[in-house]
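Here is entry.cif, consisting of mmCIF, N, CA and C atoms:
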data_final
#
loop_
_atom_site.label_atom_id
_atom_site.label_comp_id
_atom_site.auth_asym_id
_atom_site.auth_seq_id
_atom_site.Cartn_x
_atom_site.Cartn_y
_atom_site.Cartn_z
N GLN A 185 11.23 -19.60 21.53
CA GLN A 185 11.38 -18.50 20.58
C GLN A 185 10.20 -17.55 20.71
N VAL A 186 10.52 -16.27 20.87
CA VAL A 186 9.48 -15.27 21.03
C VAL A 186 9.01 -14.79 19.66
N GLN A 187 7.71 -14.74 19.50
CA GLN A 187 7.14 -14.19 18.25
C GLN A 187 5.97 -13.29 18.57
N LEU A 188 5.93 -12.16 17.88
CA LEU A 188 4.77 -11.29 17.88
C LEU A 188 4.28 -11.23 16.43
N VAL A 189 3.06 -11.64 16.19
CA VAL A 189 2.53 -11.71 14.83
C VAL A 189 1.31 -10.81 14.72
N GLU A 190 1.44 -9.77 13.91
CA GLU A 190 0.34 -8.84 13.68
C GLU A 190 -0.56 -9.32 12.55
N SER A 191 -1.82 -8.95 12.63
CA SER A 191 -2.77 -9.26 11.57
C SER A 191 -3.86 -8.20 11.56
N GLY A 192 -4.64 -8.18 10.47
CA GLY A 192 -5.78 -7.27 10.40
C GLY A 192 -5.57 -6.05 9.54
N GLY A 193 -4.38 -5.86 9.01
CA GLY A 193 -4.15 -4.71 8.15
C GLY A 193 -4.84 -4.87 6.81
N GLY A 194 -4.86 -3.79 6.05
CA GLY A 194 -5.47 -3.84 4.74
C GLY A 194 -5.78 -2.45 4.22
N LEU A 195 -6.58 -2.41 3.16
CA LEU A 195 -6.98 -1.16 2.53
C LEU A 195 -8.37 -0.76 3.02
N VAL A 196 -8.50 0.47 3.45
CA VAL A 196 -9.79 0.96 3.95
C VAL A 196 -9.97 2.40 3.47
N GLN A 197 -11.22 2.78 3.27
CA GLN A 197 -11.51 4.15 2.85
C GLN A 197 -11.45 5.11 4.03
N PRO A 198 -11.17 6.37 3.75
CA PRO A 198 -11.19 7.37 4.84
C PRO A 198 -12.53 7.33 5.57
N GLY A 199 -12.44 7.41 6.90
CA GLY A 199 -13.63 7.31 7.72
C GLY A 199 -13.98 5.90 8.15
N GLY A 200 -13.31 4.93 7.58
CA GLY A 200 -13.58 3.54 7.90
C GLY A 200 -12.87 3.07 9.16
N SER A 201 -13.02 1.76 9.42
CA SER A 201 -12.45 1.17 10.63
C SER A 201 -11.68 -0.10 10.29
N LEU A 202 -10.72 -0.39 11.12
CA LEU A 202 -9.97 -1.65 11.07
C LEU A 202 -9.63 -2.06 12.49
N ARG A 203 -9.47 -3.36 12.68
CA ARG A 203 -9.04 -3.87 13.98
C ARG A 203 -7.78 -4.70 13.76
N LEU A 204 -6.70 -4.26 14.37
CA LEU A 204 -5.44 -4.99 14.31
C LEU A 204 -5.32 -5.90 15.53
N SER A 205 -4.70 -7.03 15.32
CA SER A 205 -4.44 -7.95 16.42
C SER A 205 -2.97 -8.34 16.42
N CYS A 206 -2.47 -8.63 17.60
CA CYS A 206 -1.09 -9.10 17.76
C CYS A 206 -1.12 -10.32 18.66
N ALA A 207 -0.66 -11.44 18.12
CA ALA A 207 -0.60 -12.68 18.89
C ALA A 207 0.82 -12.91 19.35
N ALA A 208 0.98 -13.06 20.65
CA ALA A 208 2.31 -13.28 21.23
C ALA A 208 2.50 -14.74 21.59
N SER A 209 3.66 -15.27 21.25
CA SER A 209 4.01 -16.63 21.65
C SER A 209 5.43 -16.62 22.20
N GLY A 210 5.68 -17.56 23.09
CA GLY A 210 7.02 -17.63 23.69
C GLY A 210 7.22 -16.72 24.87
N ILE A 211 6.20 -15.94 25.20
CA ILE A 211 6.26 -15.07 26.38
C ILE A 211 4.93 -15.16 27.11
N ILE A 212 4.97 -14.77 28.37
CA ILE A 212 3.74 -14.63 29.13
C ILE A 212 3.32 -13.17 29.02
N ALA A 213 2.37 -12.91 28.14
CA ALA A 213 2.05 -11.53 27.79
C ALA A 213 1.61 -10.71 29.01
N SER A 214 1.07 -11.38 30.01
CA SER A 214 0.54 -10.64 31.16
C SER A 214 1.61 -9.86 31.92
N ILE A 215 2.89 -10.21 31.74
CA ILE A 215 3.94 -9.49 32.45
C ILE A 215 4.67 -8.51 31.53
N TYR A 216 4.07 -8.27 30.37
CA TYR A 216 4.65 -7.34 29.41
C TYR A 216 3.70 -6.15 29.19
N ASN A 217 4.29 -4.96 29.15
CA ASN A 217 3.57 -3.82 28.63
C ASN A 217 3.54 -3.95 27.12
N MET A 218 2.36 -3.79 26.54
CA MET A 218 2.19 -3.99 25.10
C MET A 218 1.88 -2.66 24.43
N ALA A 219 2.38 -2.50 23.22
CA ALA A 219 2.18 -1.23 22.53
C ALA A 219 2.10 -1.44 21.03
N TRP A 220 1.56 -0.45 20.38
CA TRP A 220 1.56 -0.36 18.92
C TRP A 220 2.35 0.87 18.50
N TYR A 221 3.17 0.70 17.49
CA TYR A 221 3.88 1.78 16.84
C TYR A 221 3.54 1.73 15.36
N ARG A 222 3.87 2.78 14.65
CA ARG A 222 3.65 2.78 13.21
C ARG A 222 4.75 3.56 12.51
N GLN A 223 4.93 3.22 11.24
CA GLN A 223 5.90 3.92 10.41
C GLN A 223 5.27 4.20 9.06
N GLY A 224 5.00 5.47 8.82
CA GLY A 224 4.41 5.87 7.55
C GLY A 224 5.47 6.04 6.48
N PRO A 225 5.04 6.17 5.21
CA PRO A 225 5.99 6.32 4.11
C PRO A 225 6.89 7.52 4.32
N GLY A 226 8.20 7.29 4.30
CA GLY A 226 9.16 8.37 4.45
C GLY A 226 9.24 8.95 5.84
N LYS A 227 8.65 8.27 6.81
CA LYS A 227 8.65 8.80 8.18
C LYS A 227 9.36 7.86 9.13
N GLU A 228 9.68 8.37 10.31
CA GLU A 228 10.27 7.52 11.33
C GLU A 228 9.15 6.78 12.09
N ARG A 229 9.54 5.70 12.72
CA ARG A 229 8.58 4.95 13.52
C ARG A 229 8.11 5.82 14.69
N GLU A 230 6.81 5.79 14.95
CA GLU A 230 6.26 6.60 16.02
C GLU A 230 5.31 5.80 16.91
N PHE A 231 5.22 6.24 18.14
CA PHE A 231 4.34 5.61 19.12
C PHE A 231 2.88 5.86 18.77
N VAL A 232 2.05 4.84 18.96
CA VAL A 232 0.61 4.98 18.71
C VAL A 232 -0.18 4.81 20.01
N ALA A 233 0.00 3.67 20.68
CA ALA A 233 -0.77 3.40 21.89
C ALA A 233 -0.06 2.35 22.72
N ARG A 234 -0.33 2.40 24.04
CA ARG A 234 0.27 1.44 24.96
C ARG A 234 -0.75 1.01 25.99
N ILE A 235 -0.64 -0.27 26.40
CA ILE A 235 -1.44 -0.77 27.52
C ILE A 235 -0.50 -1.49 28.46
N THR A 236 -0.54 -1.12 29.73
CA THR A 236 0.38 -1.70 30.70
C THR A 236 -0.15 -3.04 31.22
N THR A 237 0.67 -3.67 32.04
CA THR A 237 0.26 -4.95 32.63
C THR A 237 -0.98 -4.78 33.51
N THR A 238 -1.18 -3.57 34.03
CA THR A 238 -2.33 -3.33 34.90
C THR A 238 -3.53 -2.76 34.13
N GLY A 239 -3.38 -2.63 32.81
CA GLY A 239 -4.50 -2.17 31.99
C GLY A 239 -4.58 -0.68 31.76
N MET A 240 -3.59 0.06 32.26
CA MET A 240 -3.57 1.49 31.99
C MET A 240 -3.19 1.73 30.54
N THR A 241 -3.81 2.72 29.92
CA THR A 241 -3.56 3.00 28.51
C THR A 241 -3.12 4.44 28.31
N ASN A 242 -2.36 4.65 27.25
CA ASN A 242 -2.07 6.00 26.79
C ASN A 242 -1.92 5.98 25.27
N TYR A 243 -2.17 7.13 24.68
CA TYR A 243 -2.26 7.23 23.23
C TYR A 243 -1.48 8.45 22.71
N ALA A 244 -1.05 8.35 21.48
CA ALA A 244 -0.52 9.53 20.80
C ALA A 244 -1.67 10.51 20.58
N ASP A 245 -1.35 11.79 20.64
CA ASP A 245 -2.40 12.79 20.45
C ASP A 245 -3.12 12.63 19.12
N SER A 246 -2.39 12.18 18.11
CA SER A 246 -2.95 12.08 16.76
C SER A 246 -4.03 11.01 16.64
N VAL A 247 -4.08 10.06 17.58
CA VAL A 247 -5.07 8.98 17.49
C VAL A 247 -6.05 8.98 18.65
N LYS A 248 -5.84 9.87 19.62
CA LYS A 248 -6.68 9.89 20.81
C LYS A 248 -8.14 10.13 20.41
N GLY A 249 -9.02 9.30 20.96
CA GLY A 249 -10.44 9.41 20.65
C GLY A 249 -10.87 8.62 19.43
N ARG A 250 -9.91 8.13 18.65
CA ARG A 250 -10.24 7.33 17.46
C ARG A 250 -9.78 5.88 17.60
N PHE A 251 -8.67 5.67 18.29
CA PHE A 251 -8.10 4.33 18.43
C PHE A 251 -8.28 3.86 19.87
N THR A 252 -8.45 2.53 20.02
CA THR A 252 -8.57 1.93 21.35
C THR A 252 -7.71 0.68 21.41
N ILE A 253 -6.82 0.63 22.39
CA ILE A 253 -5.98 -0.55 22.59
C ILE A 253 -6.58 -1.40 23.70
N SER A 254 -6.50 -2.71 23.53
CA SER A 254 -7.00 -3.63 24.54
C SER A 254 -6.14 -4.88 24.53
N ARG A 255 -6.27 -5.66 25.60
CA ARG A 255 -5.48 -6.88 25.68
C ARG A 255 -6.33 -8.00 26.27
N ASP A 256 -5.98 -9.23 25.88
CA ASP A 256 -6.61 -10.42 26.44
C ASP A 256 -5.48 -11.33 26.89
N ASN A 257 -5.20 -11.31 28.18
CA ASN A 257 -4.07 -12.09 28.68
C ASN A 257 -4.34 -13.59 28.61
N THR A 258 -5.60 -13.98 28.57
CA THR A 258 -5.90 -15.42 28.47
C THR A 258 -5.53 -15.96 27.09
N LYS A 259 -5.52 -15.06 26.10
CA LYS A 259 -5.19 -15.48 24.74
C LYS A 259 -3.82 -14.96 24.30
N ASN A 260 -3.14 -14.23 25.18
CA ASN A 260 -1.82 -13.66 24.83
C ASN A 260 -1.92 -12.75 23.61
N THR A 261 -2.97 -11.92 23.59
CA THR A 261 -3.16 -11.04 22.44
C THR A 261 -3.36 -9.59 22.87
N VAL A 262 -3.04 -8.69 21.96
CA VAL A 262 -3.34 -7.28 22.13
C VAL A 262 -3.95 -6.79 20.82
N SER A 263 -4.93 -5.92 20.93
CA SER A 263 -5.65 -5.44 19.75
C SER A 263 -5.64 -3.92 19.69
N LEU A 264 -5.85 -3.43 18.48
CA LEU A 264 -5.96 -1.99 18.27
C LEU A 264 -7.17 -1.75 17.39
N GLN A 265 -8.22 -1.21 17.96
CA GLN A 265 -9.40 -0.84 17.20
C GLN A 265 -9.21 0.56 16.67
N MET A 266 -9.26 0.71 15.36
CA MET A 266 -9.01 2.00 14.72
C MET A 266 -10.27 2.45 14.00
N ASN A 267 -10.81 3.56 14.44
CA ASN A 267 -12.01 4.13 13.85
C ASN A 267 -11.70 5.49 13.21
N THR A 268 -12.62 5.92 12.37
CA THR A 268 -12.48 7.22 11.70
C THR A 268 -11.09 7.39 11.12
N LEU A 269 -10.69 6.40 10.35
CA LEU A 269 -9.33 6.41 9.80
C LEU A 269 -9.14 7.54 8.80
N LYS A 270 -7.92 8.06 8.79
CA LYS A 270 -7.54 9.16 7.90
C LYS A 270 -6.39 8.72 7.01
N PRO A 271 -6.23 9.36 5.85
CA PRO A 271 -5.10 8.99 4.99
C PRO A 271 -3.75 9.05 5.72
N GLU A 272 -3.62 9.97 6.65
CA GLU A 272 -2.35 10.08 7.38
C GLU A 272 -2.12 8.95 8.37
N ASP A 273 -3.11 8.08 8.55
CA ASP A 273 -2.92 6.87 9.35
C ASP A 273 -2.26 5.75 8.56
N THR A 274 -2.08 5.96 7.28
CA THR A 274 -1.43 4.96 6.43
C THR A 274 -0.01 4.71 6.93
N ALA A 275 0.27 3.44 7.22
CA ALA A 275 1.57 3.09 7.79
C ALA A 275 1.66 1.58 7.97
N VAL A 276 2.86 1.12 8.23
CA VAL A 276 3.04 -0.24 8.74
C VAL A 276 2.93 -0.15 10.26
N TYR A 277 2.06 -0.97 10.82
CA TYR A 277 1.81 -0.96 12.26
C TYR A 277 2.54 -2.14 12.91
N TYR A 278 3.29 -1.84 13.96
CA TYR A 278 4.12 -2.82 14.63
C TYR A 278 3.64 -3.04 16.06
N CYS A 279 3.66 -4.29 16.47
CA CYS A 279 3.36 -4.66 17.84
C CYS A 279 4.68 -4.70 18.63
N ASN A 280 4.63 -4.22 19.86
CA ASN A 280 5.82 -4.17 20.72
C ASN A 280 5.48 -4.70 22.10
N ALA A 281 6.38 -5.50 22.64
CA ALA A 281 6.21 -6.03 24.00
C ALA A 281 7.46 -5.73 24.81
N VAL A 282 7.28 -5.08 25.94
CA VAL A 282 8.40 -4.76 26.83
C VAL A 282 8.08 -5.33 28.21
N GLN A 283 8.95 -6.21 28.68
CA GLN A 283 8.73 -6.78 30.01
C GLN A 283 8.71 -5.66 31.04
N ARG A 284 7.86 -5.77 32.02
CA ARG A 284 7.65 -4.66 32.95
C ARG A 284 8.92 -4.27 33.70
N SER A 285 9.90 -5.17 33.78
CA SER A 285 11.20 -4.83 34.38
C SER A 285 12.09 -4.07 33.39
N GLY A 286 11.68 -4.10 32.10
CA GLY A 286 12.49 -3.47 31.06
C GLY A 286 13.58 -4.34 30.51
N ALA A 287 13.68 -5.57 30.99
CA ALA A 287 14.80 -6.43 30.60
C ALA A 287 14.68 -6.97 29.18
N PHE A 288 13.46 -7.10 28.69
CA PHE A 288 13.26 -7.68 27.37
C PHE A 288 12.33 -6.80 26.54
N ASN A 289 12.61 -6.73 25.25
CA ASN A 289 11.88 -5.86 24.34
C ASN A 289 11.78 -6.57 23.00
N TYR A 290 10.55 -6.82 22.56
CA TYR A 290 10.33 -7.57 21.32
C TYR A 290 9.45 -6.79 20.36
N TRP A 291 9.68 -7.06 19.06
CA TRP A 291 8.90 -6.41 18.00
C TRP A 291 8.34 -7.44 17.04
N GLY A 292 7.16 -7.16 16.52
CA GLY A 292 6.63 -7.94 15.42
C GLY A 292 7.16 -7.41 14.10
N LYS A 293 6.76 -8.06 13.01
CA LYS A 293 7.24 -7.67 11.69
C LYS A 293 6.36 -6.63 11.02
N GLY A 294 5.19 -6.40 11.58
CA GLY A 294 4.33 -5.33 11.09
C GLY A 294 3.22 -5.79 10.16
N THR A 295 2.18 -4.96 10.09
CA THR A 295 1.08 -5.17 9.17
C THR A 295 0.73 -3.83 8.53
N LEU A 296 0.50 -3.84 7.22
CA LEU A 296 0.30 -2.60 6.48
C LEU A 296 -1.16 -2.16 6.52
N VAL A 297 -1.35 -0.91 6.88
CA VAL A 297 -2.67 -0.27 6.83
C VAL A 297 -2.61 0.86 5.81
N THR A 298 -3.50 0.80 4.84
CA THR A 298 -3.57 1.84 3.81
C THR A 298 -4.95 2.46 3.85
N VAL A 299 -4.99 3.77 4.05
CA VAL A 299 -6.25 4.50 4.09
C VAL A 299 -6.32 5.38 2.84
N SER A 300 -7.19 4.99 1.94
CA SER A 300 -7.25 5.68 0.66
C SER A 300 -8.60 5.45 0.00
N SER A 301 -9.05 6.44 -0.74
CA SER A 301 -10.28 6.28 -1.51
C SER A 301 -9.98 5.81 -2.93
#

As structure tokens, how would this structure be written, given the file I've shared?
Amino acid sequence: QVQLVESGGGLVQPGGSLRLSCAASGIIASIYNMAWYRQGPGKEREFVARITTTGMTNYADSVKGRFTISRDNTKNTVSLQMNTLKPEDTAVYYCNAVQRSGAFNYWGKGTLVTVSS
């Protein structure tokens, strides 16, 4: 059974930092492109950041320079370091794994990040 479990969400003040983690089980994470998406209140789910099996990364323009995605294939985890958080970063953050062939696509249940003073 494949599971992606996010952790690290919470309440943080504007300008603060949080680190999200996603633990994958039931898959060999090293053959999956891993990504983070988010869904804010009243909004559609949107792409945040991706890291490929070879370590290449790309980011949404709205988070570029503030967020950093990384992976540890030895631990089957992917992380999202979020700095200089803004109220508009408030959302449920979801972990996504897509096998590099595209044959399989998995989602976690999400972790809530609230940026507010």

Output of the PyMOL selection byres (((chain A and resi 270-279 and name CA) around 7) and name CA), listed as number ranges by chain
A: 188, 190, 198-199, 206, 219-225, 268-269, 280-281, 291-300

Based on the selection just made, write N, CA and C atoms of those residues as a short mmCIF file (atom, residue, chain, number, x, y, z; two decimals), in the frame of the given file.
data_model
loop_
_atom_site.label_atom_id
_atom_site.label_comp_id
_atom_site.auth_asym_id
_atom_site.auth_seq_id
_atom_site.Cartn_x
_atom_site.Cartn_y
_atom_site.Cartn_z
N LEU A 188 5.93 -12.16 17.88
CA LEU A 188 4.77 -11.29 17.88
C LEU A 188 4.28 -11.23 16.43
N GLU A 190 1.44 -9.77 13.91
CA GLU A 190 0.34 -8.84 13.68
C GLU A 190 -0.56 -9.32 12.55
N PRO A 198 -11.17 6.37 3.75
CA PRO A 198 -11.19 7.37 4.84
C PRO A 198 -12.53 7.33 5.57
N GLY A 199 -12.44 7.41 6.90
CA GLY A 199 -13.63 7.31 7.72
C GLY A 199 -13.98 5.90 8.15
N CYS A 206 -2.47 -8.63 17.60
CA CYS A 206 -1.09 -9.10 17.76
C CYS A 206 -1.12 -10.32 18.66
N ALA A 219 2.38 -2.50 23.22
CA ALA A 219 2.18 -1.23 22.53
C ALA A 219 2.10 -1.44 21.03
N TRP A 220 1.56 -0.45 20.38
CA TRP A 220 1.56 -0.36 18.92
C TRP A 220 2.35 0.87 18.50
N TYR A 221 3.17 0.70 17.49
CA TYR A 221 3.88 1.78 16.84
C TYR A 221 3.54 1.73 15.36
N ARG A 222 3.87 2.78 14.65
CA ARG A 222 3.65 2.78 13.21
C ARG A 222 4.75 3.56 12.51
N GLN A 223 4.93 3.22 11.24
CA GLN A 223 5.90 3.92 10.41
C GLN A 223 5.27 4.20 9.06
N GLY A 224 5.00 5.47 8.82
CA GLY A 224 4.41 5.87 7.55
C GLY A 224 5.47 6.04 6.48
N PRO A 225 5.04 6.17 5.21
CA PRO A 225 5.99 6.32 4.11
C PRO A 225 6.89 7.52 4.32
N THR A 268 -12.62 5.92 12.37
CA THR A 268 -12.48 7.22 11.70
C THR A 268 -11.09 7.39 11.12
N LEU A 269 -10.69 6.40 10.35
CA LEU A 269 -9.33 6.41 9.80
C LEU A 269 -9.14 7.54 8.80
N ASN A 280 4.63 -4.22 19.86
CA ASN A 280 5.82 -4.17 20.72
C ASN A 280 5.48 -4.70 22.10
N ALA A 281 6.38 -5.50 22.64
CA ALA A 281 6.21 -6.03 24.00
C ALA A 281 7.46 -5.73 24.81
N TRP A 291 9.68 -7.06 19.06
CA TRP A 291 8.90 -6.41 18.00
C TRP A 291 8.34 -7.44 17.04
N GLY A 292 7.16 -7.16 16.52
CA GLY A 292 6.63 -7.94 15.42
C GLY A 292 7.16 -7.41 14.10
N LYS A 293 6.76 -8.06 13.01
CA LYS A 293 7.24 -7.67 11.69
C LYS A 293 6.36 -6.63 11.02
N GLY A 294 5.19 -6.40 11.58
CA GLY A 294 4.33 -5.33 11.09
C GLY A 294 3.22 -5.79 10.16
N THR A 295 2.18 -4.96 10.09
CA THR A 295 1.08 -5.17 9.17
C THR A 295 0.73 -3.83 8.53
N LEU A 296 0.50 -3.84 7.22
CA LEU A 296 0.30 -2.60 6.48
C LEU A 296 -1.16 -2.16 6.52
N VAL A 297 -1.35 -0.91 6.88
CA VAL A 297 -2.67 -0.27 6.83
C VAL A 297 -2.61 0.86 5.81
N THR A 298 -3.50 0.80 4.84
CA THR A 298 -3.57 1.84 3.81
C THR A 298 -4.95 2.46 3.85
N VAL A 299 -4.99 3.77 4.05
CA VAL A 299 -6.25 4.50 4.09
C VAL A 299 -6.32 5.38 2.84
N SER A 300 -7.19 4.99 1.94
CA SER A 300 -7.25 5.68 0.66
C SER A 300 -8.60 5.45 0.00
#

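Evaluated against this file, the PyMOL selection byres ((chain A and resi 216-218) around 5) yields Ala213, Ser214, Ile215, Ala219, Trp220, Arg234, Ile235, Thr236, Thr237, Asn280, Ala281, Val282, Gln283 and Arg284 of chain A.
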
Per-residue DSSP, chain A, filtered to strand (DSSP E or B), as JSON, numbers by chain:
{"A": [187, 188, 189, 190, 191, 194, 195, 196, 202, 203, 204, 205, 206, 207, 208, 209, 216, 217, 218, 219, 220, 221, 222, 223, 230, 231, 232, 233, 234, 235, 241, 242, 243, 251, 252, 253, 254, 255, 256, 261, 262, 263, 264, 265, 266, 275, 276, 277, 278, 279, 280, 281, 282, 283, 289, 290, 291, 295, 296, 297, 298, 299]}

Could you work out how far CA of Arg255 in chain A lies from CA of Thr238 in chain A, giving the answer in Å with one decimal?
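A separation of 10.4 Å between them.
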
What is the CA of Arg250 in chain A-CA of Gln265 in chain A distance in Å, reported with one decimal?
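Separating CA of Arg250 in chain A from CA of Gln265 in chain A is a distance of 8.2 Å.
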
Just the number, please: distance in Å from CA of Ala207 in chain A to CA of Val189 in chain A, one decimal.
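Separation between CA of Ala207 in chain A and CA of Val189 in chain A: 5.2 Å.
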
Near-Phe251 in chain A list (5 Å; all atoms listed in the file; drop same-chain fewer than 4 positions) as a ChimeraX atom specification
/A:247,265-267

Kindly resolve the PyMOL selection byres (((chain A and resi 264 and name CA) around 7) and name CA) on the present coordinates and return the residues as a PyMOL selection string.
chain A and resi 203-205+251-254+263+265-266

Every residue with an atom at most 6.5 Å from (-0.4, -17.5, 21.0) (file coordinates; only N, CA and C atoms) is what I'm after, so could you write them as a ChimeraX atom specification?
/A:207-210,259-260
